[in-house]
Amino acid sequence: MPRCTAAPVDVSDKDARVLQALERRHNAPQGLVKRAQIILLAARGVGVRATAERLGLGRATVQRWRRRWSSAAATESALERLVDAPRPGTPPTFSPEQICSILALACEPPKRDGQELTHWTHADLAAEAIARGIVESISPDSIGRFLREADLKPHRTRGWINTP
């Protein structure tokens, strides 16, 4: 009974040099290095099973990256062919520009509806962001998450507090 052989993978000389350089880089992400190794072994004619055993990967992983390399447009660079596909899920609710505007708002002296505040609260920042038209709606929890991710603590820093 004949054995199934994997479809050959074509790699140009330029792409092979890029993949070999990626494989030798010490600071390259290991996921990209493994993918480069899969493609380089495929270009040398090594089968799926042998590649999986040599690299300590599953056959499905080797098959997936061989298939993605072959089906990718030839105009894409070698690195573009090896990056992860976009993940499923909902798109971000707030754009980076909106988040930056909210963080800039948190750096302003606290003032809400013409009255000076002692400090910004998450609810005050959310209400002010909506009032200024930065966002249509936002929860105080989202404001808190943005401040945490940016490591801003307006309620703990003297610069954010107006003394009466």
# chains A, B, ... in the order shown; residues from 1 in each chain; ligands from 1
>>> residues_around(residues="A:Phe146", least_positions_apart="4", cutoff="8 Å", atoms="only C-alpha atoms", output="JSON list (two decimals) with N, CA and C atoms, in the first residue's frame")
[["chain", "number", "residue", "atom", "x", "y", "z"],
["A", 99, "ILE", "N", -8.86, 56.09, 24.19],
["A", 99, "ILE", "CA", -8.20, 55.75, 25.45],
["A", 99, "ILE", "C", -7.18, 56.82, 25.82],
["A", 103, "LEU", "N", -7.11, 59.19, 29.16],
["A", 103, "LEU", "CA", -5.94, 59.30, 30.04],
["A", 103, "LEU", "C", -5.49, 60.75, 30.16],
["A", 142, "SER", "N", -14.41, 50.50, 33.18],
["A", 142, "SER", "CA", -13.52, 50.63, 32.02],
["A", 142, "SER", "C", -12.49, 51.73, 32.26],
["A", 150, "ALA", "N", -2.34, 51.83, 32.33],
["A", 150, "ALA", "CA", -1.38, 52.92, 32.11],
["A", 150, "ALA", "C", -0.60, 53.23, 33.38]]
>>> residues_around(residues="A:Ser12", least_positions_apart="3", cutoff="12 Å", atoms="only C-alpha atoms", output="ChimeraX atom specification")
/A:9,15-19,39-40,43-44,69-70,74-75,77-78
>>> atom_distance(atom1="atom CA of A:Ala104", atom2="atom CA of A:Ser137")
17.4 Å
>>> select_by_dssp(residues="chain A", states="strand (DSSP E)", output="count of residues only")
4
>>> atom_distance(atom1="atom CA of A:Gly56", atom2="atom CA of A:Lys34")
9.7 Å
>>> closest_residue(among="A:Pro96, A:Pro29, A:Gly58, A:Pro86", to="A:Ile134", atoms="only C-alpha atoms")
A:Pro96
>>> residues_around(residues="A:Thr93", least_positions_apart="5", cutoff="10 Å", atoms="only C-alpha atoms", output="ChimeraX atom specification")
/A:98,135,138
>>> residues_around(residues="A:Leu32", least_positions_apart="5", cutoff="9 Å", atoms="only C-alpha atoms", output="VMD selection string")
chain A and resid 22 to 23 37 79 82 to 83
>>> residues_around(residues="A:Leu125", least_positions_apart="6", cutoff="12 Å", atoms="only C-alpha atoms", output="NGL selection string")
:A and (99 or 101-113 or 117 or 119 or 131-132 or 134-135 or 137-144 or 146-147 or 154-155)
>>> write_last_selection(atoms="N, CA, C and O atoms", output="short mmCIF file (atom, residue, chain, number, x, y, z; two decimals), in the first residue's frame")
data_model
loop_
_atom_site.label_atom_id
_atom_site.label_comp_id
_atom_site.auth_asym_id
_atom_site.auth_seq_id
_atom_site.Cartn_x
_atom_site.Cartn_y
_atom_site.Cartn_z
N ILE A 99 -8.86 56.09 24.19
CA ILE A 99 -8.20 55.75 25.45
C ILE A 99 -7.18 56.82 25.82
O ILE A 99 -7.11 57.24 26.98
N SER A 101 -7.25 59.95 24.95
CA SER A 101 -8.00 61.14 25.36
C SER A 101 -8.51 61.02 26.79
O SER A 101 -8.49 61.99 27.55
N ILE A 102 -8.95 59.84 27.16
CA ILE A 102 -9.43 59.61 28.53
C ILE A 102 -8.27 59.73 29.52
O ILE A 102 -8.41 60.34 30.59
N LEU A 103 -7.11 59.19 29.16
CA LEU A 103 -5.94 59.30 30.04
C LEU A 103 -5.49 60.75 30.16
O LEU A 103 -5.09 61.20 31.23
N ALA A 104 -5.57 61.50 29.06
CA ALA A 104 -5.22 62.92 29.11
C ALA A 104 -6.22 63.68 29.99
O ALA A 104 -5.83 64.59 30.74
N LEU A 105 -7.47 63.30 29.92
CA LEU A 105 -8.48 63.91 30.77
C LEU A 105 -8.17 63.66 32.25
O LEU A 105 -8.32 64.55 33.09
N ALA A 106 -7.71 62.47 32.56
CA ALA A 106 -7.36 62.14 33.95
C ALA A 106 -6.18 62.97 34.45
O ALA A 106 -6.03 63.17 35.65
N CYS A 107 -5.36 63.48 33.54
CA CYS A 107 -4.21 64.29 33.92
C CYS A 107 -4.57 65.77 34.10
O CYS A 107 -3.75 66.54 34.59
N GLU A 108 -5.77 66.16 33.70
CA GLU A 108 -6.21 67.54 33.86
C GLU A 108 -6.67 67.78 35.29
O GLU A 108 -7.04 66.84 35.99
N PRO A 109 -6.69 69.05 35.71
CA PRO A 109 -7.24 69.35 37.04
C PRO A 109 -8.70 68.91 37.11
O PRO A 109 -9.46 69.12 36.15
N PRO A 110 -9.13 68.27 38.20
CA PRO A 110 -10.50 67.74 38.27
C PRO A 110 -11.54 68.84 38.38
O PRO A 110 -11.53 69.63 39.31
N LYS A 111 -12.39 68.90 37.39
CA LYS A 111 -13.47 69.89 37.36
C LYS A 111 -14.65 69.24 36.65
O LYS A 111 -14.51 68.70 35.55
N ARG A 112 -15.81 69.27 37.27
CA ARG A 112 -16.99 68.63 36.70
C ARG A 112 -18.15 69.60 36.80
O ARG A 112 -18.48 70.07 37.89
N ASP A 113 -18.79 69.90 35.69
CA ASP A 113 -19.94 70.82 35.63
C ASP A 113 -19.60 72.18 36.25
O ASP A 113 -20.40 72.76 36.98
N LEU A 117 -13.30 69.71 41.83
CA LEU A 117 -13.38 68.49 42.63
C LEU A 117 -12.07 68.31 43.40
O LEU A 117 -11.03 68.83 43.00
N HIS A 119 -10.66 65.35 43.73
CA HIS A 119 -9.92 64.38 42.91
C HIS A 119 -10.89 63.76 41.90
O HIS A 119 -12.11 63.87 42.05
N ALA A 131 -19.52 63.65 28.48
CA ALA A 131 -19.93 65.05 28.28
C ALA A 131 -19.08 65.73 27.22
O ALA A 131 -19.59 66.56 26.46
N ARG A 132 -17.81 65.41 27.15
CA ARG A 132 -16.92 66.04 26.16
C ARG A 132 -17.03 65.38 24.79
O ARG A 132 -16.38 65.81 23.84
N ILE A 134 -15.95 62.36 23.98
CA ILE A 134 -14.84 61.45 23.68
C ILE A 134 -15.39 60.07 23.34
O ILE A 134 -14.94 59.41 22.40
N VAL A 135 -16.40 59.63 24.12
CA VAL A 135 -17.06 58.35 23.89
C VAL A 135 -18.56 58.55 24.04
O VAL A 135 -19.01 59.51 24.67
N SER A 137 -20.61 56.15 25.42
CA SER A 137 -20.89 55.62 26.75
C SER A 137 -19.67 54.84 27.22
O SER A 137 -18.95 54.26 26.40
N ILE A 138 -19.46 54.85 28.54
CA ILE A 138 -18.34 54.13 29.13
C ILE A 138 -18.64 53.92 30.61
O ILE A 138 -19.28 54.77 31.25
N SER A 139 -18.22 52.79 31.12
CA SER A 139 -18.46 52.50 32.53
C SER A 139 -17.27 52.96 33.37
O SER A 139 -16.15 53.03 32.87
N PRO A 140 -17.51 53.23 34.64
CA PRO A 140 -16.40 53.57 35.53
C PRO A 140 -15.37 52.44 35.63
O PRO A 140 -14.18 52.69 35.80
N ASP A 141 -15.83 51.20 35.49
CA ASP A 141 -14.89 50.06 35.52
C ASP A 141 -13.92 50.11 34.35
O ASP A 141 -12.75 49.78 34.49
N SER A 142 -14.41 50.50 33.18
CA SER A 142 -13.52 50.63 32.02
C SER A 142 -12.49 51.73 32.26
O SER A 142 -11.31 51.57 31.91
N ILE A 143 -12.92 52.83 32.83
CA ILE A 143 -11.98 53.91 33.16
C ILE A 143 -10.92 53.38 34.11
O ILE A 143 -9.72 53.62 33.93
N GLY A 144 -11.35 52.65 35.15
CA GLY A 144 -10.39 52.08 36.09
C GLY A 144 -9.40 51.14 35.42
O GLY A 144 -8.21 51.15 35.74
N PHE A 146 -8.40 51.25 32.26
CA PHE A 146 -7.46 52.05 31.46
C PHE A 146 -6.40 52.68 32.36
O PHE A 146 -5.21 52.70 32.01
N LEU A 147 -6.82 53.20 33.51
CA LEU A 147 -5.86 53.83 34.42
C LEU A 147 -4.88 52.80 34.98
O LEU A 147 -3.69 53.08 35.12
N PRO A 154 -4.67 58.62 39.75
CA PRO A 154 -5.01 60.02 40.03
C PRO A 154 -5.48 60.25 41.45
O PRO A 154 -5.30 61.32 41.99
N HIS A 155 -6.05 59.25 42.09
CA HIS A 155 -6.55 59.43 43.45
C HIS A 155 -5.43 59.35 44.49
O HIS A 155 -5.63 59.67 45.64
#
>>> atom_distance(atom1="atom CA of A:Arg49", atom2="atom CA of A:Ser71")
20.4 Å
>>> closest_residue(among="A:Glu149, A:Glu136, A:Glu53, A:Asp84", to="A:Arg68", atoms="only C-alpha atoms")
A:Asp84
>>> closest_residue(among="A:Leu41, A:Val48, A:Ala129, A:Ala21", to="A:Cys100", atoms="only C-alpha atoms")
A:Ala129
